[in-house]
file data16.cif (mmCIF, C-alpha atoms)
data_start
#
loop_
_atom_site.group_PDB
_atom_site.id
_atom_site.type_symbol
_atom_site.label_atom_id
_atom_site.label_comp_id
_atom_site.auth_asym_id
_atom_site.auth_seq_id
_atom_site.Cartn_x
_atom_site.Cartn_y
_atom_site.Cartn_z
ATOM 1 C CA MET H 1 139.453 167.896 131.425
ATOM 2 C CA ALA H 2 139.200 170.693 133.940
ATOM 3 C CA GLY H 3 135.977 170.976 135.873
ATOM 4 C CA LYS H 4 133.451 173.752 135.475
ATOM 5 C CA LEU H 5 132.098 173.891 139.017
ATOM 6 C CA ARG H 6 133.358 174.917 142.434
ATOM 7 C CA ILE H 7 131.472 172.936 145.088
ATOM 8 C CA ASP H 8 131.905 173.964 148.716
ATOM 9 C CA THR H 9 131.786 170.604 150.520
ATOM 10 C CA GLU H 10 131.356 172.290 153.901
ATOM 11 C CA LEU H 11 128.139 173.951 152.716
ATOM 12 C CA CYS H 12 126.809 171.062 150.612
ATOM 13 C CA SER H 13 124.090 169.007 152.329
ATOM 14 C CA ALA H 14 123.908 166.303 149.618
ATOM 15 C CA CYS H 15 120.240 167.131 149.054
ATOM 16 C CA LYS H 16 120.504 165.982 145.392
ATOM 17 C CA LEU H 17 118.633 168.974 144.004
ATOM 18 C CA CYS H 18 121.607 169.904 141.807
ATOM 19 C CA LYS H 19 121.751 166.392 140.397
ATOM 20 C CA SER H 20 118.011 166.443 139.674
ATOM 21 C CA VAL H 21 118.251 169.496 137.372
ATOM 22 C CA CYS H 22 121.522 168.692 135.588
ATOM 23 C CA ILE H 23 120.520 167.894 131.987
ATOM 24 C CA ARG H 24 124.053 166.665 131.216
ATOM 25 C CA ASP H 25 124.118 164.142 134.111
ATOM 26 C CA ASN H 26 127.343 165.741 135.248
ATOM 27 C CA ILE H 27 126.824 165.648 139.021
ATOM 28 C CA GLY H 28 127.239 162.742 141.417
ATOM 29 C CA ILE H 29 126.284 162.562 145.101
ATOM 30 C CA ASP H 30 128.063 160.824 147.977
ATOM 31 C CA GLU H 31 128.628 162.657 151.239
ATOM 32 C CA PHE H 32 128.448 165.771 149.098
ATOM 33 C CA ALA H 33 127.931 166.692 145.443
ATOM 34 C CA TYR H 34 130.802 166.333 142.991
ATOM 35 C CA GLU H 35 131.382 166.873 139.278
ATOM 36 C CA LEU H 36 131.667 163.851 136.993
ATOM 37 C CA GLU H 37 132.887 164.075 133.391
ATOM 38 C CA SER H 38 133.016 167.863 133.034
ATOM 39 C CA ASN H 39 130.177 167.593 130.534
ATOM 40 C CA CYS H 40 128.912 170.877 131.956
ATOM 41 C CA PHE H 41 127.915 173.652 129.555
ATOM 42 C CA ASP H 42 127.548 176.355 132.200
ATOM 43 C CA CYS H 43 123.733 176.478 132.243
ATOM 44 C CA GLY H 44 123.818 177.235 135.980
ATOM 45 C CA HIS H 45 120.774 175.185 136.986
ATOM 46 C CA CYS H 46 122.733 173.540 139.797
ATOM 47 C CA MET H 47 123.969 176.893 141.070
ATOM 48 C CA ALA H 48 120.498 178.437 140.877
ATOM 49 C CA ILE H 49 118.733 175.653 142.765
ATOM 50 C CA CYS H 50 121.214 174.860 145.558
ATOM 51 C CA PRO H 51 119.540 175.818 148.869
ATOM 52 C CA GLN H 52 122.931 176.228 150.565
ATOM 53 C CA GLY H 53 124.622 178.306 147.861
ATOM 54 C CA ALA H 54 127.353 175.676 147.708
ATOM 55 C CA ILE H 55 127.881 175.664 143.927
ATOM 56 C CA THR H 56 129.614 178.275 141.828
ATOM 57 C CA LEU H 57 130.247 178.297 138.083
ATOM 58 C CA LEU H 58 133.961 178.966 137.699
ATOM 59 C CA LYS H 59 133.313 180.834 134.460
ATOM 60 C CA TYR H 60 131.366 183.516 136.312
ATOM 61 C CA GLU H 61 133.338 183.877 139.538
ATOM 62 C CA ASN H 62 134.019 187.524 138.666
ATOM 63 C CA GLN H 63 130.292 188.281 138.395
ATOM 64 C CA PHE H 64 129.050 187.764 141.929
ATOM 65 C CA ASP H 65 127.275 191.107 141.693
ATOM 66 C CA ARG H 66 124.964 189.502 139.142
ATOM 67 C CA ILE H 67 123.714 186.908 141.598
ATOM 68 C CA GLU H 68 120.319 187.701 143.125
ATOM 69 C CA GLU H 69 118.264 185.625 145.539
ATOM 70 C CA TYR H 70 114.576 185.376 144.634
ATOM 71 C CA ASP H 71 111.455 183.399 145.439
ATOM 72 C CA SER H 72 110.240 181.656 142.281
ATOM 73 C CA ARG H 73 106.740 181.556 143.752
ATOM 74 C CA GLN H 74 106.674 185.350 143.572
ATOM 75 C CA ILE H 75 106.260 186.202 139.875
ATOM 76 C CA PRO H 76 107.367 189.858 139.458
ATOM 77 C CA VAL H 77 104.939 190.586 136.597
ATOM 78 C CA ASP H 78 101.402 189.243 136.574
ATOM 79 C CA TYR H 79 99.769 187.764 133.486
ATOM 80 C CA GLY H 80 97.384 190.658 132.947
ATOM 81 C CA ASP H 81 100.098 193.322 132.960
ATOM 82 C CA LEU H 82 102.377 191.398 130.620
ATOM 83 C CA LEU H 83 99.533 190.553 128.256
ATOM 84 C CA GLN H 84 98.488 194.208 128.198
ATOM 85 C CA LEU H 85 102.030 195.190 127.181
ATOM 86 C CA LEU H 86 101.863 192.678 124.329
ATOM 87 C CA LYS H 87 98.456 193.989 123.281
ATOM 88 C CA GLN H 88 99.656 197.586 123.146
ATOM 89 C CA ARG H 89 102.843 196.809 121.236
ATOM 90 C CA ARG H 90 102.732 198.217 117.719
ATOM 91 C CA SER H 91 105.325 198.694 115.005
ATOM 92 C CA VAL H 92 106.517 202.306 115.243
ATOM 93 C CA ARG H 93 107.880 204.020 112.127
ATOM 94 C CA TRP H 94 107.510 207.694 113.053
ATOM 95 C CA PHE H 95 110.136 208.967 115.463
ATOM 96 C CA LYS H 96 111.157 212.149 117.221
ATOM 97 C CA LYS H 97 114.489 213.704 116.276
ATOM 98 C CA LYS H 98 115.877 212.865 119.718
ATOM 99 C CA LYS H 99 118.270 209.926 119.601
ATOM 100 C CA ILE H 100 118.719 207.156 122.152
ATOM 101 C CA ASP H 101 121.900 207.575 124.186
ATOM 102 C CA GLU H 102 124.423 204.864 124.998
ATOM 103 C CA GLU H 103 123.309 204.575 128.621
ATOM 104 C CA THR H 104 119.744 203.779 127.536
ATOM 105 C CA PHE H 105 120.977 201.221 125.022
ATOM 106 C CA ASN H 106 122.978 199.525 127.776
ATOM 107 C CA ILE H 107 119.810 199.303 129.872
ATOM 108 C CA LEU H 108 118.054 197.603 126.957
ATOM 109 C CA PHE H 109 120.848 195.096 126.446
ATOM 110 C CA GLU H 110 120.331 193.881 130.011
ATOM 111 C CA GLY H 111 117.353 191.957 128.641
ATOM 112 C CA ALA H 112 119.575 190.225 126.109
ATOM 113 C CA TYR H 113 122.168 189.495 128.806
ATOM 114 C CA TYR H 114 119.673 187.162 130.465
ATOM 115 C CA SER H 115 118.362 185.669 127.213
ATOM 116 C CA PRO H 116 118.489 181.897 126.603
ATOM 117 C CA SER H 117 120.515 180.535 123.701
ATOM 118 C CA ALA H 118 120.912 177.227 121.874
ATOM 119 C CA GLN H 119 123.282 174.898 123.745
ATOM 120 C CA ASN H 120 123.952 177.881 126.017
ATOM 121 C CA GLU H 121 126.364 179.211 123.407
ATOM 122 C CA GLN H 122 125.641 182.828 124.410
ATOM 123 C CA ASP H 123 127.187 184.009 121.157
ATOM 124 C CA VAL H 124 124.614 186.680 120.287
ATOM 125 C CA GLU H 125 126.176 190.019 119.322
ATOM 126 C CA PHE H 126 124.545 193.383 118.708
ATOM 127 C CA VAL H 127 125.594 196.308 116.574
ATOM 128 C CA VAL H 128 124.002 199.730 117.065
ATOM 129 C CA LEU H 129 124.236 201.715 113.853
ATOM 130 C CA ASP H 130 124.009 205.472 114.196
ATOM 131 C CA GLU H 131 126.730 207.578 112.567
ATOM 132 C CA LYS H 132 127.490 204.806 110.051
ATOM 133 C CA LEU H 133 123.838 204.064 109.314
ATOM 134 C CA ASP H 134 123.765 205.745 105.887
ATOM 135 C CA GLU H 135 126.987 204.015 104.864
ATOM 136 C CA PHE H 136 125.543 200.683 105.918
ATOM 137 C CA MET H 137 122.303 201.263 104.044
ATOM 138 C CA ASP H 138 124.280 202.016 100.876
ATOM 139 C CA LEU H 139 125.900 198.600 101.248
ATOM 140 C CA VAL H 140 122.541 196.944 101.881
ATOM 141 C CA TYR H 141 121.133 198.351 98.661
ATOM 142 C CA ASP H 142 124.241 197.365 96.718
ATOM 143 C CA ILE H 143 123.582 193.768 97.798
ATOM 144 C CA ILE H 144 119.788 193.509 97.605
ATOM 145 C CA LYS H 145 119.323 195.478 94.373
ATOM 146 C CA VAL H 146 119.514 192.177 92.463
ATOM 147 C CA GLU H 147 115.920 191.608 93.630
ATOM 148 C CA GLU H 148 114.502 195.060 92.910
ATOM 149 C CA ASN H 149 112.485 193.738 89.968
ATOM 150 C CA GLU H 150 110.818 191.296 92.336
ATOM 151 C CA PHE H 151 110.157 193.674 95.217
ATOM 152 C CA PHE H 152 108.919 197.204 94.546
ATOM 153 C CA ARG H 153 110.164 198.316 97.967
ATOM 154 C CA ILE H 154 113.761 197.580 96.981
ATOM 155 C CA LYS H 155 113.296 199.524 93.754
ATOM 156 C CA GLU H 156 111.822 202.397 95.766
ATOM 157 C CA PHE H 157 114.826 202.206 98.100
ATOM 158 C CA GLY H 158 117.211 202.540 95.169
ATOM 159 C CA ASP H 159 115.297 205.524 93.781
ATOM 160 C CA TYR H 160 115.438 207.156 97.210
ATOM 161 C CA LEU H 161 119.214 206.800 97.407
ATOM 162 C CA LYS H 162 119.577 208.422 94.001
ATOM 163 C CA ASP H 163 117.238 211.339 94.805
ATOM 164 C CA ASN H 164 115.331 211.763 98.053
ATOM 165 C CA SER H 165 114.188 215.329 97.406
ATOM 166 C CA SER H 166 110.661 214.224 96.549
ATOM 167 C CA LYS H 167 110.444 211.416 99.128
ATOM 168 C CA LYS H 168 108.829 212.044 102.485
ATOM 169 C CA TYR H 169 110.126 208.908 104.199
ATOM 170 C CA HIS H 170 113.048 206.524 103.799
ATOM 171 C CA PRO H 171 111.543 203.370 102.180
ATOM 172 C CA LEU H 172 113.215 201.015 104.680
ATOM 173 C CA LEU H 173 113.963 203.176 107.743
ATOM 174 C CA TRP H 174 111.024 205.583 107.555
ATOM 175 C CA GLU H 175 111.957 208.223 110.177
ATOM 176 C CA GLY H 176 114.371 205.941 111.980
ATOM 177 C CA LYS H 177 117.902 207.184 112.705
ATOM 178 C CA GLN H 178 119.220 204.259 114.748
ATOM 179 C CA LEU H 179 119.297 200.565 113.961
ATOM 180 C CA ILE H 180 120.029 197.488 116.079
ATOM 181 C CA LEU H 181 121.413 194.466 114.238
ATOM 182 C CA THR H 182 121.574 191.067 115.926
ATOM 183 C CA PHE H 183 124.147 188.434 114.965
ATOM 184 C CA ALA H 184 124.477 184.822 116.105
ATOM 185 C CA THR H 185 125.246 181.325 114.837
ATOM 186 C CA ASP H 186 121.704 180.257 115.737
ATOM 187 C CA LYS H 187 118.724 182.170 114.361
ATOM 188 C CA THR H 188 116.368 181.393 117.221
ATOM 189 C CA SER H 189 118.852 182.633 119.813
ATOM 190 C CA ALA H 190 119.202 185.943 117.973
ATOM 191 C CA VAL H 191 115.464 186.451 117.561
ATOM 192 C CA ILE H 192 114.697 185.642 121.211
ATOM 193 C CA ALA H 193 117.392 188.042 122.409
ATOM 194 C CA ASN H 194 116.137 190.883 120.228
ATOM 195 C CA THR H 195 112.519 190.239 121.213
ATOM 196 C CA ARG H 196 113.427 190.621 124.875
ATOM 197 C CA LEU H 197 115.254 193.825 124.067
ATOM 198 C CA GLU H 198 112.236 195.074 122.118
ATOM 199 C CA LEU H 199 109.810 194.474 124.991
ATOM 200 C CA LEU H 200 112.095 196.313 127.388
ATOM 201 C CA ALA H 201 112.212 199.154 124.875
ATOM 202 C CA TYR H 202 108.417 199.498 124.944
ATOM 203 C CA SER H 203 108.452 199.450 128.740
ATOM 204 C CA LEU H 204 110.786 202.496 128.571
ATOM 205 C CA GLY H 205 108.552 204.402 126.183
ATOM 206 C CA LEU H 206 110.627 203.570 123.102
ATOM 207 C CA GLY H 207 109.391 201.918 119.919
ATOM 208 C CA GLY H 208 110.463 200.454 116.630
ATOM 209 C CA PHE H 209 109.892 197.925 113.878
ATOM 210 C CA TYR H 210 111.646 195.030 112.164
ATOM 211 C CA SER H 211 112.970 195.186 108.605
ATOM 212 C CA LEU H 212 113.055 191.976 106.590
ATOM 213 C CA PHE H 213 114.475 193.786 103.570
ATOM 214 C CA ILE H 214 117.642 194.677 105.459
ATOM 215 C CA LEU H 215 118.007 191.016 106.448
ATOM 216 C CA LYS H 216 117.990 190.104 102.765
ATOM 217 C CA ALA H 217 121.535 191.476 102.547
ATOM 218 C CA ASP H 218 122.781 188.577 104.662
ATOM 219 C CA GLU H 219 120.689 186.045 102.776
ATOM 220 C CA ILE H 220 121.910 187.215 99.367
ATOM 221 C CA ASN H 221 125.603 187.851 100.069
ATOM 222 C CA HIS H 222 126.703 187.082 103.607
ATOM 223 C CA ASP H 223 130.424 187.485 102.920
ATOM 224 C CA LYS H 224 130.055 190.932 101.397
ATOM 225 C CA LEU H 225 127.823 192.075 104.236
ATOM 226 C CA MET H 226 130.268 190.893 106.897
ATOM 227 C CA GLU H 227 133.050 193.000 105.410
ATOM 228 C CA PHE H 228 131.261 195.892 107.112
ATOM 229 C CA PHE H 229 131.678 194.128 110.484
ATOM 230 C CA PRO H 230 135.299 192.900 110.649
ATOM 231 C CA ASN H 231 135.142 192.314 114.412
ATOM 232 C CA ILE H 232 132.269 189.822 114.217
ATOM 233 C CA ASP H 233 132.942 186.143 113.563
ATOM 234 C CA LYS H 234 131.980 185.351 109.958
ATOM 235 C CA SER H 235 130.202 182.184 111.102
ATOM 236 C CA LYS H 236 127.522 184.400 112.641
ATOM 237 C CA HIS H 237 124.632 185.694 110.560
ATOM 238 C CA MET H 238 122.533 188.830 110.805
ATOM 239 C CA TYR H 239 119.203 187.438 111.953
ATOM 240 C CA SER H 240 117.394 190.522 113.227
ATOM 241 C CA SER H 241 117.200 194.143 112.125
ATOM 242 C CA PHE H 242 115.284 196.494 114.417
ATOM 243 C CA ILE H 243 114.858 200.203 113.781
ATOM 244 C CA ILE H 244 114.379 201.965 117.116
ATOM 245 C CA GLY H 245 113.682 205.427 118.508
ATOM 246 C CA TYR H 246 111.372 207.680 120.493
ATOM 247 C CA PRO H 247 107.832 207.431 119.053
ATOM 248 C CA LYS H 248 106.345 210.589 117.601
ATOM 249 C CA LYS H 249 102.822 209.194 117.322
ATOM 250 C CA ARG H 250 100.742 207.512 120.018
ATOM 251 C CA PHE H 251 98.143 204.857 119.285
ATOM 252 C CA ARG H 252 94.839 204.710 121.143
ATOM 253 C CA ARG H 253 93.498 201.184 120.869
ATOM 254 C CA THR H 254 94.349 197.586 120.041
ATOM 255 C CA VAL H 255 93.736 196.138 116.581
ATOM 256 C CA PRO H 256 92.255 192.653 115.986
ATOM 257 C CA HIS H 257 94.511 189.977 114.474
ATOM 258 C CA ASP H 258 93.842 186.767 112.628
ATOM 259 C CA GLU H 259 92.903 183.993 115.027
ATOM 260 C CA ILE H 260 95.862 181.949 116.240
ATOM 261 C CA LYS H 261 95.747 178.386 114.939
ATOM 262 C CA VAL H 262 96.506 175.813 117.630
ATOM 263 C CA SER H 263 96.176 172.056 117.437
ATOM 264 C CA TYR H 264 96.561 169.577 120.274
ATOM 265 C CA GLN H 265 97.714 166.167 119.181
#
call {"tool": "encode", "arguments": {"input": "data16.cif", "output": "structure tokens"}}
result
Amino acid sequence: MAGKLRIDTELCSACKLCKSVCIRDNIGIDEFAYELESNCFDCGHCMAICPQGAITLLKYENQFDRIEEYDSRQIPVDYGDLLQLLKQRRSVRWFKKKKIDEETFNILFEGAYYSPSAQNEQDVEFVVLDEKLDEFMDLVYDIIKVEENEFFRIKEFGDYLKDNSSKKYHPLLWEGKQLILTFATDKTSAVIANTRLELLAYSLGLGGFYSLFILKADEINHDKLMEFFPNIDKSKHMYSSFIIGYPKKRFRRTVPHDEIKVSYQ
């Protein structure tokens, strides 16, 4: 099996740091480091820790511009600032008419680019719905309407699609005009990636909220839903649905929450 690493033996000092962080036990040390059974899954720990810069992941040799030196003792955001961002985060359902442009979306997806994923699969995909949003929402209702007797919101959604002349807000989108859907084979990977994207959005003055009712479309009829996304592998599921935009209303203070339950065992 072909190796995954390029190790510059002239730079390598055999310090063993790469071996100490390899969770697959894929690195041996003699006069210099070397790869063993190619059990590597491209996590990059060895590359990130090497003091000599002797290790390169072959998979990413065309992305040298992504490599940045940093001092891990210098945390770029302090606890207080990050906590304050979390405190001020609120679900936003009222948006300005201005839409987010593609350049801004690409800035947001930088957060997902650096997001962790199960087994380092990195298979998270995003879809930004804009022009096809109404068409997609018609499909969503066609799938989830089987539960409209159980959930009044779904019934309200159906009534809105039939006649929205007397409705002030869309029952699922409110004033939202753009929607980010997150797909992956692993739910946790998708949720983490979208959460990072969401926090970056708030740092840019954007806002949004999650819709569990839209996610029901995947839960109820995954195959029918995926017909709308022919370019996405059918083994991936829609695990996050985030309506996003420029907030029209500004909140003034934090709101108390239920106490977090923590046990130490």
call {"tool": "resolve_selection", "arguments": {"input": "data16.cif", "expression": "the PyMOL selection byres ((chain H and resi 107) around 12)", "output": "PyMOL selection string"}}
result
chain H and resi 100-106+108-113+196-198+200-201+203-204
call {"tool": "write_last_selection", "arguments": {"input": "data16.cif", "atoms": "C-alpha atoms", "output": "compact mmCIF listing (two decimals), in the frame of the given file"}}
result
# COMPACT_ATOMS: atom_id res chain seq x y z
CA ILE H 100 118.72 207.16 122.15
CA ASP H 101 121.90 207.58 124.19
CA GLU H 102 124.42 204.86 125.00
CA GLU H 103 123.31 204.58 128.62
CA THR H 104 119.74 203.78 127.54
CA PHE H 105 120.98 201.22 125.02
CA ASN H 106 122.98 199.52 127.78
CA LEU H 108 118.05 197.60 126.96
CA PHE H 109 120.85 195.10 126.45
CA GLU H 110 120.33 193.88 130.01
CA GLY H 111 117.35 191.96 128.64
CA ALA H 112 119.58 190.22 126.11
CA TYR H 113 122.17 189.50 128.81
CA ARG H 196 113.43 190.62 124.88
CA LEU H 197 115.25 193.82 124.07
CA GLU H 198 112.24 195.07 122.12
CA LEU H 200 112.10 196.31 127.39
CA ALA H 201 112.21 199.15 124.88
CA SER H 203 108.45 199.45 128.74
CA LEU H 204 110.79 202.50 128.57
call {"tool": "closest_residue", "arguments": {"input": "data16.cif", "among": "H:Lys155, H:Ile214, H:Cys46, H:Leu179", "to": "H:Glu131", "atoms": "all atoms listed in the file"}}
result
H:Leu179
call {"tool": "atom_distance", "arguments": {"input": "data16.cif", "atom1": "atom CA of H:Asn149", "atom2": "atom CA of H:Lys167"}}
result
20.0 Å
call {"tool": "closest_residue", "arguments": {"input": "data16.cif", "among": "H:Phe64, H:Gln88, H:Gly53, H:Asp30", "to": "H:Arg253", "atoms": "only C-alpha atoms"}}
result
H:Gln88
call {"tool": "closest_residue", "arguments": {"input": "data16.cif", "among": "H:Ile7, H:Lys98, H:Asn62, H:Met238", "to": "H:Val127", "atoms": "all atoms listed in the file"}}
result
H:Met238
call {"tool": "closest_residue", "arguments": {"input": "data16.cif", "among": "H:Lys19, H:Lys59, H:Arg90, H:Arg66", "to": "H:Tyr202", "atoms": "all atoms listed in the file"}}
result
H:Arg90
call {"tool": "atom_distance", "arguments": {"input": "data16.cif", "atom1": "atom CA of H:Ile143", "atom2": "atom CA of H:Tyr160"}}
result
15.7 Å
call {"tool": "closest_atom_pairs", "arguments": {"input": "data16.cif", "of": "stretch 19-138 of chain H", "to": "stretch 172-176 of chain H", "cutoff": "8 Å", "atoms": "all atoms listed in the file", "output": "tab-separated table"}}
result
residue	atom	partner	partner_atom	distance
H:Arg93	CA	H:Trp174	CA	5.8
H:Trp94	CA	H:Glu175	CA	5.3
H:Phe95	CA	H:Glu175	CA	5.6
call {"tool": "residues_near_point", "arguments": {"input": "data16.cif", "point": "(118.2, 210.2, 118.0)", "cutoff": "8 Å", "atoms": "all atoms listed in the file", "output": "ChimeraX atom specification"}}
result
/H:96-101,177-178,245-246
call {"tool": "atom_distance", "arguments": {"input": "data16.cif", "atom1": "atom CA of H:Asp42", "atom2": "atom CA of H:Leu5"}}
result
8.6 Å
call {"tool": "closest_residue", "arguments": {"input": "data16.cif", "among": "H:Thr254, H:Ser189, H:Ser263, H:Ser211", "to": "H:Tyr114", "atoms": "only C-alpha atoms"}}
result
H:Ser189
call {"tool": "residues_around", "arguments": {"input": "data16.cif", "residues": "H:Val124", "least_positions_apart": "2", "cutoff": "12 Å", "atoms": "all atoms listed in the file", "output": "VMD selection string"}}
result
chain H and resid 109 112 to 118 120 to 122 126 to 127 181 to 194 232 to 233 235 to 240
call {"tool": "closest_residue", "arguments": {"input": "data16.cif", "among": "H:Phe229, H:Tyr141, H:Tyr79, H:Tyr169", "to": "H:Leu215", "atoms": "all atoms listed in the file"}}
result
H:Tyr141
call {"tool": "resolve_selection", "arguments": {"input": "data16.cif", "expression": "the PyMOL selection byres ((chain H and resi 210) around 8)", "output": "ChimeraX atom specification"}}
result
/H:91,208-209,211-212,240-243
call {"tool": "resolve_selection", "arguments": {"input": "data16.cif", "expression": "the PyMOL selection byres ((chain H and resi 15) around 12)", "output": "list in words"}}
result
Leu11, Cys12, Ser13, Ala14, Lys16, Leu17, Cys18, Lys19, Ser20, Gly28, Ile29, Asp30, Glu31, Phe32, Ala33, Cys46, Ile49, Cys50, Pro51, Gln52 and Ala54 of chain H
call {"tool": "axis_aligned_box", "arguments": {"input": "data16.cif", "around": "stretch 237-253 of chain H", "padding_each_side": "8 Å", "output": "JSON"}}
result
{"center_x": 109.1, "center_y": 198.1, "center_z": 115.9, "size_x": 47.1, "size_y": 40.9, "size_z": 26.6}
call {"tool": "residues_around", "arguments": {"input": "data16.cif", "residues": "H:Cys22", "least_positions_apart": "6", "cutoff": "10 Å", "atoms": "all atoms listed in the file", "output": "short mmCIF file (atom, residue, chain, number, x, y, z; two decimals) with C-alpha atoms, in the frame of the given file"}}
result
data_model
loop_
_atom_site.label_atom_id
_atom_site.label_comp_id
_atom_site.auth_asym_id
_atom_site.auth_seq_id
_atom_site.Cartn_x
_atom_site.Cartn_y
_atom_site.Cartn_z
CA CYS H 40 128.91 170.88 131.96
CA CYS H 43 123.73 176.48 132.24
CA GLY H 44 123.82 177.24 135.98
CA HIS H 45 120.77 175.18 136.99
CA CYS H 46 122.73 173.54 139.80
#
call {"tool": "residues_around", "arguments": {"input": "data16.cif", "residues": "H:Val140", "least_positions_apart": "4", "cutoff": "9 Å", "atoms": "only C-alpha atoms", "output": "ChimeraX atom specification"}}
result
/H:135-136,144-145,213-218,225
call {"tool": "decode", "arguments": {"input": "data16.cif", "residues": "stretch 183-200 of chain H", "atoms": "N, CA and C atoms", "output": "PDB file, in the first residue's frame"}}
result
ATOM      1  N   PHE H 183     -24.929  18.163   4.806  1.00  0.00           N
ATOM      2  CA  PHE H 183     -25.028  16.728   4.560  1.00  0.00           C
ATOM      3  C   PHE H 183     -23.735  16.034   4.972  1.00  0.00           C
ATOM      4  N   ALA H 184     -23.855  14.820   5.499  1.00  0.00           N
ATOM      5  CA  ALA H 184     -22.681  14.029   5.851  1.00  0.00           C
ATOM      6  C   ALA H 184     -23.131  12.597   6.151  1.00  0.00           C
ATOM      7  N   THR H 185     -22.175  11.688   6.232  1.00  0.00           N
ATOM      8  CA  THR H 185     -22.510  10.319   6.645  1.00  0.00           C
ATOM      9  C   THR H 185     -22.608  10.226   8.167  1.00  0.00           C
ATOM     10  N   ASP H 186     -21.973  11.164   8.852  1.00  0.00           N
ATOM     11  CA  ASP H 186     -21.973  11.165  10.318  1.00  0.00           C
ATOM     12  C   ASP H 186     -22.661  12.423  10.824  1.00  0.00           C
ATOM     13  N   LYS H 187     -23.659  12.259  11.667  1.00  0.00           N
ATOM     14  CA  LYS H 187     -24.448  13.393  12.147  1.00  0.00           C
ATOM     15  C   LYS H 187     -23.618  14.383  12.933  1.00  0.00           C
ATOM     16  N   THR H 188     -22.775  13.883  13.824  1.00  0.00           N
ATOM     17  CA  THR H 188     -21.985  14.780  14.666  1.00  0.00           C
ATOM     18  C   THR H 188     -21.058  15.655  13.830  1.00  0.00           C
ATOM     19  N   SER H 189     -20.458  15.082  12.806  1.00  0.00           N
ATOM     20  CA  SER H 189     -19.560  15.848  11.944  1.00  0.00           C
ATOM     21  C   SER H 189     -20.302  16.997  11.282  1.00  0.00           C
ATOM     22  N   ALA H 190     -21.522  16.731  10.824  1.00  0.00           N
ATOM     23  CA  ALA H 190     -22.323  17.756  10.157  1.00  0.00           C
ATOM     24  C   ALA H 190     -22.700  18.872  11.121  1.00  0.00           C
ATOM     25  N   VAL H 191     -23.130  18.495  12.319  1.00  0.00           N
ATOM     26  CA  VAL H 191     -23.570  19.484  13.298  1.00  0.00           C
ATOM     27  C   VAL H 191     -22.403  20.365  13.764  1.00  0.00           C
ATOM     28  N   ILE H 192     -21.244  19.749  14.001  1.00  0.00           N
ATOM     29  CA  ILE H 192     -20.072  20.528  14.415  1.00  0.00           C
ATOM     30  C   ILE H 192     -19.685  21.522  13.325  1.00  0.00           C
ATOM     31  N   ALA H 193     -19.674  21.068  12.084  1.00  0.00           N
ATOM     32  CA  ALA H 193     -19.290  21.940  10.972  1.00  0.00           C
ATOM     33  C   ALA H 193     -20.241  23.124  10.854  1.00  0.00           C
ATOM     34  N   ASN H 194     -21.548  22.867  10.961  1.00  0.00           N
ATOM     35  CA  ASN H 194     -22.504  23.953  10.828  1.00  0.00           C
ATOM     36  C   ASN H 194     -22.451  24.898  12.028  1.00  0.00           C
ATOM     37  N   THR H 195     -22.159  24.367  13.201  1.00  0.00           N
ATOM     38  CA  THR H 195     -22.048  25.216  14.388  1.00  0.00           C
ATOM     39  C   THR H 195     -20.881  26.192  14.244  1.00  0.00           C
ATOM     40  N   ARG H 196     -19.773  25.711  13.710  1.00  0.00           N
ATOM     41  CA  ARG H 196     -18.637  26.602  13.480  1.00  0.00           C
ATOM     42  C   ARG H 196     -19.000  27.690  12.475  1.00  0.00           C
ATOM     43  N   LEU H 197     -19.685  27.285  11.432  1.00  0.00           N
ATOM     44  CA  LEU H 197     -20.138  28.244  10.429  1.00  0.00           C
ATOM     45  C   LEU H 197     -21.066  29.277  11.061  1.00  0.00           C
ATOM     46  N   GLU H 198     -21.964  28.809  11.923  1.00  0.00           N
ATOM     47  CA  GLU H 198     -22.921  29.710  12.568  1.00  0.00           C
ATOM     48  C   GLU H 198     -22.219  30.749  13.429  1.00  0.00           C
ATOM     49  N   LEU H 199     -21.227  30.337  14.204  1.00  0.00           N
ATOM     50  CA  LEU H 199     -20.519  31.277  15.073  1.00  0.00           C
ATOM     51  C   LEU H 199     -19.758  32.319  14.254  1.00  0.00           C
ATOM     52  N   LEU H 200     -19.171  31.885  13.147  1.00  0.00           N
ATOM     53  CA  LEU H 200     -18.516  32.847  12.268  1.00  0.00           C
ATOM     54  C   LEU H 200     -19.530  33.834  11.705  1.00  0.00           C
TER      55      LEU H 200
END
